[in-house]
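Let me begin by presenting the structure, written as structure tokens, before commenting on it.
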Amino acid sequence: MAEEHHPNSTNDDAASGGAGHEVAVGAASKTRPTHTADAYAPPYAYEYEEDEIDLLDLVLVLAKHKRLILLLTLGVAFVTGVISLIMTPIYRAETRLVPPLSKAGISASIVNIPDFARGAMGMAPTPSNMMVGIINSRTIMDTLIDKFDLLSYYEVEKRQEARDTLSNALSAQVDSKTGLITVSVEDKDPKLAATIANAAVEELQRLMQDLAITVAAQQRLFLEGQLKEIQLSLIQAEEDLKRYQEETGILSAPAQASSLMSAIANLQAEIRSREIRLTALRSFATTQNPEIQRLQAELEGLRSQLKKLETQAENSKENLSAISLKELPQASIEYLRKLRDVSFYETLNRMILNQYEQAKMAEAQEAMVVQVVDPAVPPELKYKPKRRLMVAIAGVLGLFLSIFLAFFLEFLHNASNDPERAAKMAQLKSYLRFRKSSAKPT
């Protein structure tokens, strides 16, 4: 019995040993990946192979889809070339202008300031920028629309639509190197483009003659208004003096008192004249301008002198050559005051008239005359479409698009062969559907 039991036990032990071995091997195989989680365990080589990008694989994808890449690139370029042949050719007519030399009016200290520095000093805008702005103004746009009946030509009903179309076709730019102004018009008709460009320049010349846009012109207009007011005040002062002489019978006053009042009137006129000039300068210059600072210093000195003379006229007892106004009758004092007013306005009128004449001369020298260097002529060659450039750009875009499409198709192919990715793709398609499935669960 023992001998018979021994083989069976041996077999059982072998079986149990074999099963135990398989369980151990299975457990070892199951527990083996967990061993890689150890931070100190070396990683497996295949873990890096899945994430690496092999240049050879990329080249293989491109070689596999070479026919698609070539046909798509050539097809996009060919279609673009056909479209460029169908497009209406546009011609560009240009005319170049010389901007007027900018001077800052009658002030000698700011005559030769360049255009780019005048804007930084807070002075008037440069003539070039003003001319560009005038060309793009609504006034010139409407004039050109009416002159060439652009509402019918552009086949629009509203004037604003014609303005927008003309604004896209008409442009004016200043060359930063040469300073020349280029006025260009783009249109399908080369003759009309040149005609509109020349007409825009003519309207610019006409409009600039009507507008006071130079600094000298602004000063001249300001002085002209001041001169009218001064002349009216002078006439009124002379009438008041004449009326007072008729009422009182006083025809003259002491010579010394008259001389003192005349000196006061002259100082007052000097002060007023400089104040007017200072106001005119402040219209285009800042407080840091040397001319403004000089005038302010002169005004302080003249006001100090005037204060001394007025004090001397009222209370002077020390200077024997001067007669105090307190010693004169009231009628004579009033007469002197009216005489002073007349003298003041006469002196001020003379000074402002002199400034006004200088401003007129400066305006004539600074007149913003538009000088045309190159009048617009009908262009012989079209400006756009630029077929070669369009085909080249389309070819490059088609190449990139075809390469992207090749890699995308390769991705779809690989995803369809991978069960896990295929399931994800099917799930993505179901999410992208807008309509829910009508099938009811069983």
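To be explicit about the labels: the chains of the structure tokens are called A, B, and onward in the order shown, and within each one the residues are counted from 1, while ligands get numbers from 1 in the order they are shown.
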If you run DSSP on the backbone here, which positions in range 182-244 of chain A get strand (DSSP E)? Please write them as a compact mmCIF listing (two decimals) with C-alpha atoms, in the first residue's frame.
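Output saved as selection-v9.txt:
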```
# COMPACT_ATOMS: atom_id res chain seq x y z
CA THR A 182 2.36 110.40 -54.11
CA VAL A 183 -1.30 110.50 -55.09
CA SER A 184 -2.48 107.27 -56.74
CA VAL A 185 -5.76 105.99 -58.14
CA GLU A 186 -6.54 102.36 -58.95
CA ASP A 187 -9.19 101.49 -61.52
```
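The list of residues with at least one atom within 9 Å of Ser343 in chain A, based on only C-alpha atoms and without residues fewer than 6 positions apart in the same chain, reads Leu234, Met261, Ser262, Ala265, Asn266 and Ala269 of chain A.
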Atomic separation - CA of Ala392 in chain A relative to CA of Glu380 in chain A, Å: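 Computing the Euclidean distance for CA of Glu380 in chain A and CA of Ala392 in chain A yields 24.1 Å.
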Just want the 12 Å neighbourhood of Glu270 in chain A, counted on only C-alpha atoms, with same-chain residues fewer than 2 positions away dropped. Output as an MDAnalysis selection string. chainID A and resid 263:268 272:277 295 298:303 305:306 343:352
Just want the 8 Å neighbourhood of Thr80 in chain A, counted on only C-alpha atoms, with same-chain residues fewer than 4 positions away dropped. Output as a list of chain:residue names.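 The residues that qualify are A:Val76, A:Ser84, A:Met390, A:Val391, A:Ala394.
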Would you list the contacts of range 60-71 of chain A as a PyMOL selection string, taking every protein, DNA or RNA residue within 7 Å and counting only C-alpha atoms, but skipping same-chain residues closer than 6 positions in sequence? chain A and resi 399+402-403+406-407
Any chance you could list, as a PyMOL selection string, the residues in range 50-101 of chain A that come up helix (DSSP H, G or I) when DSSP is run on the backbone? chain A and resi 55-64+66-86
Could you write out that same residue set with C-alpha atoms as a compact mmCIF listing (two decimals), in the first residue's frame?
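What ended up in selection_8.txt:
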```txt
# COMPACT_ATOMS: atom_id res chain seq x y z
CA LEU A 55 12.65 61.26 -39.34
CA LEU A 56 12.62 58.21 -41.56
CA ASP A 57 8.98 57.58 -40.64
CA LEU A 58 8.07 61.13 -41.70
CA VAL A 59 9.88 60.69 -45.00
CA LEU A 60 8.08 57.41 -45.53
CA VAL A 61 4.72 59.08 -45.03
CA LEU A 62 5.60 61.77 -47.56
CA ALA A 63 6.85 59.18 -50.03
CA LYS A 64 3.73 57.10 -49.57
CA LYS A 66 3.77 61.71 -52.93
CA ARG A 67 1.12 61.53 -55.64
CA LEU A 68 -1.41 63.32 -53.41
CA ILE A 69 1.11 66.01 -52.45
CA LEU A 70 2.16 66.65 -56.04
CA LEU A 71 -1.33 66.69 -57.51
CA LEU A 72 -2.80 68.88 -54.77
CA THR A 73 0.04 71.40 -54.96
CA LEU A 74 -0.12 71.67 -58.73
CA GLY A 75 -3.91 71.71 -58.66
CA VAL A 76 -4.10 74.64 -56.23
CA ALA A 77 -1.50 76.56 -58.23
CA PHE A 78 -3.32 75.83 -61.49
CA VAL A 79 -6.72 76.90 -60.14
CA THR A 80 -5.20 80.10 -58.76
CA GLY A 81 -3.59 80.84 -62.12
CA VAL A 82 -6.94 80.35 -63.87
CA ILE A 83 -8.65 82.66 -61.36
CA SER A 84 -5.97 85.31 -61.88
CA LEU A 85 -6.58 85.16 -65.62
CA ILE A 86 -10.32 85.62 -65.12
```
CA of Glu203 in chain A to CA of Ile140 in chain A, straight-line distance in Å: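 CA of Ile140 in chain A sits 6.5 Å away from CA of Glu203 in chain A.
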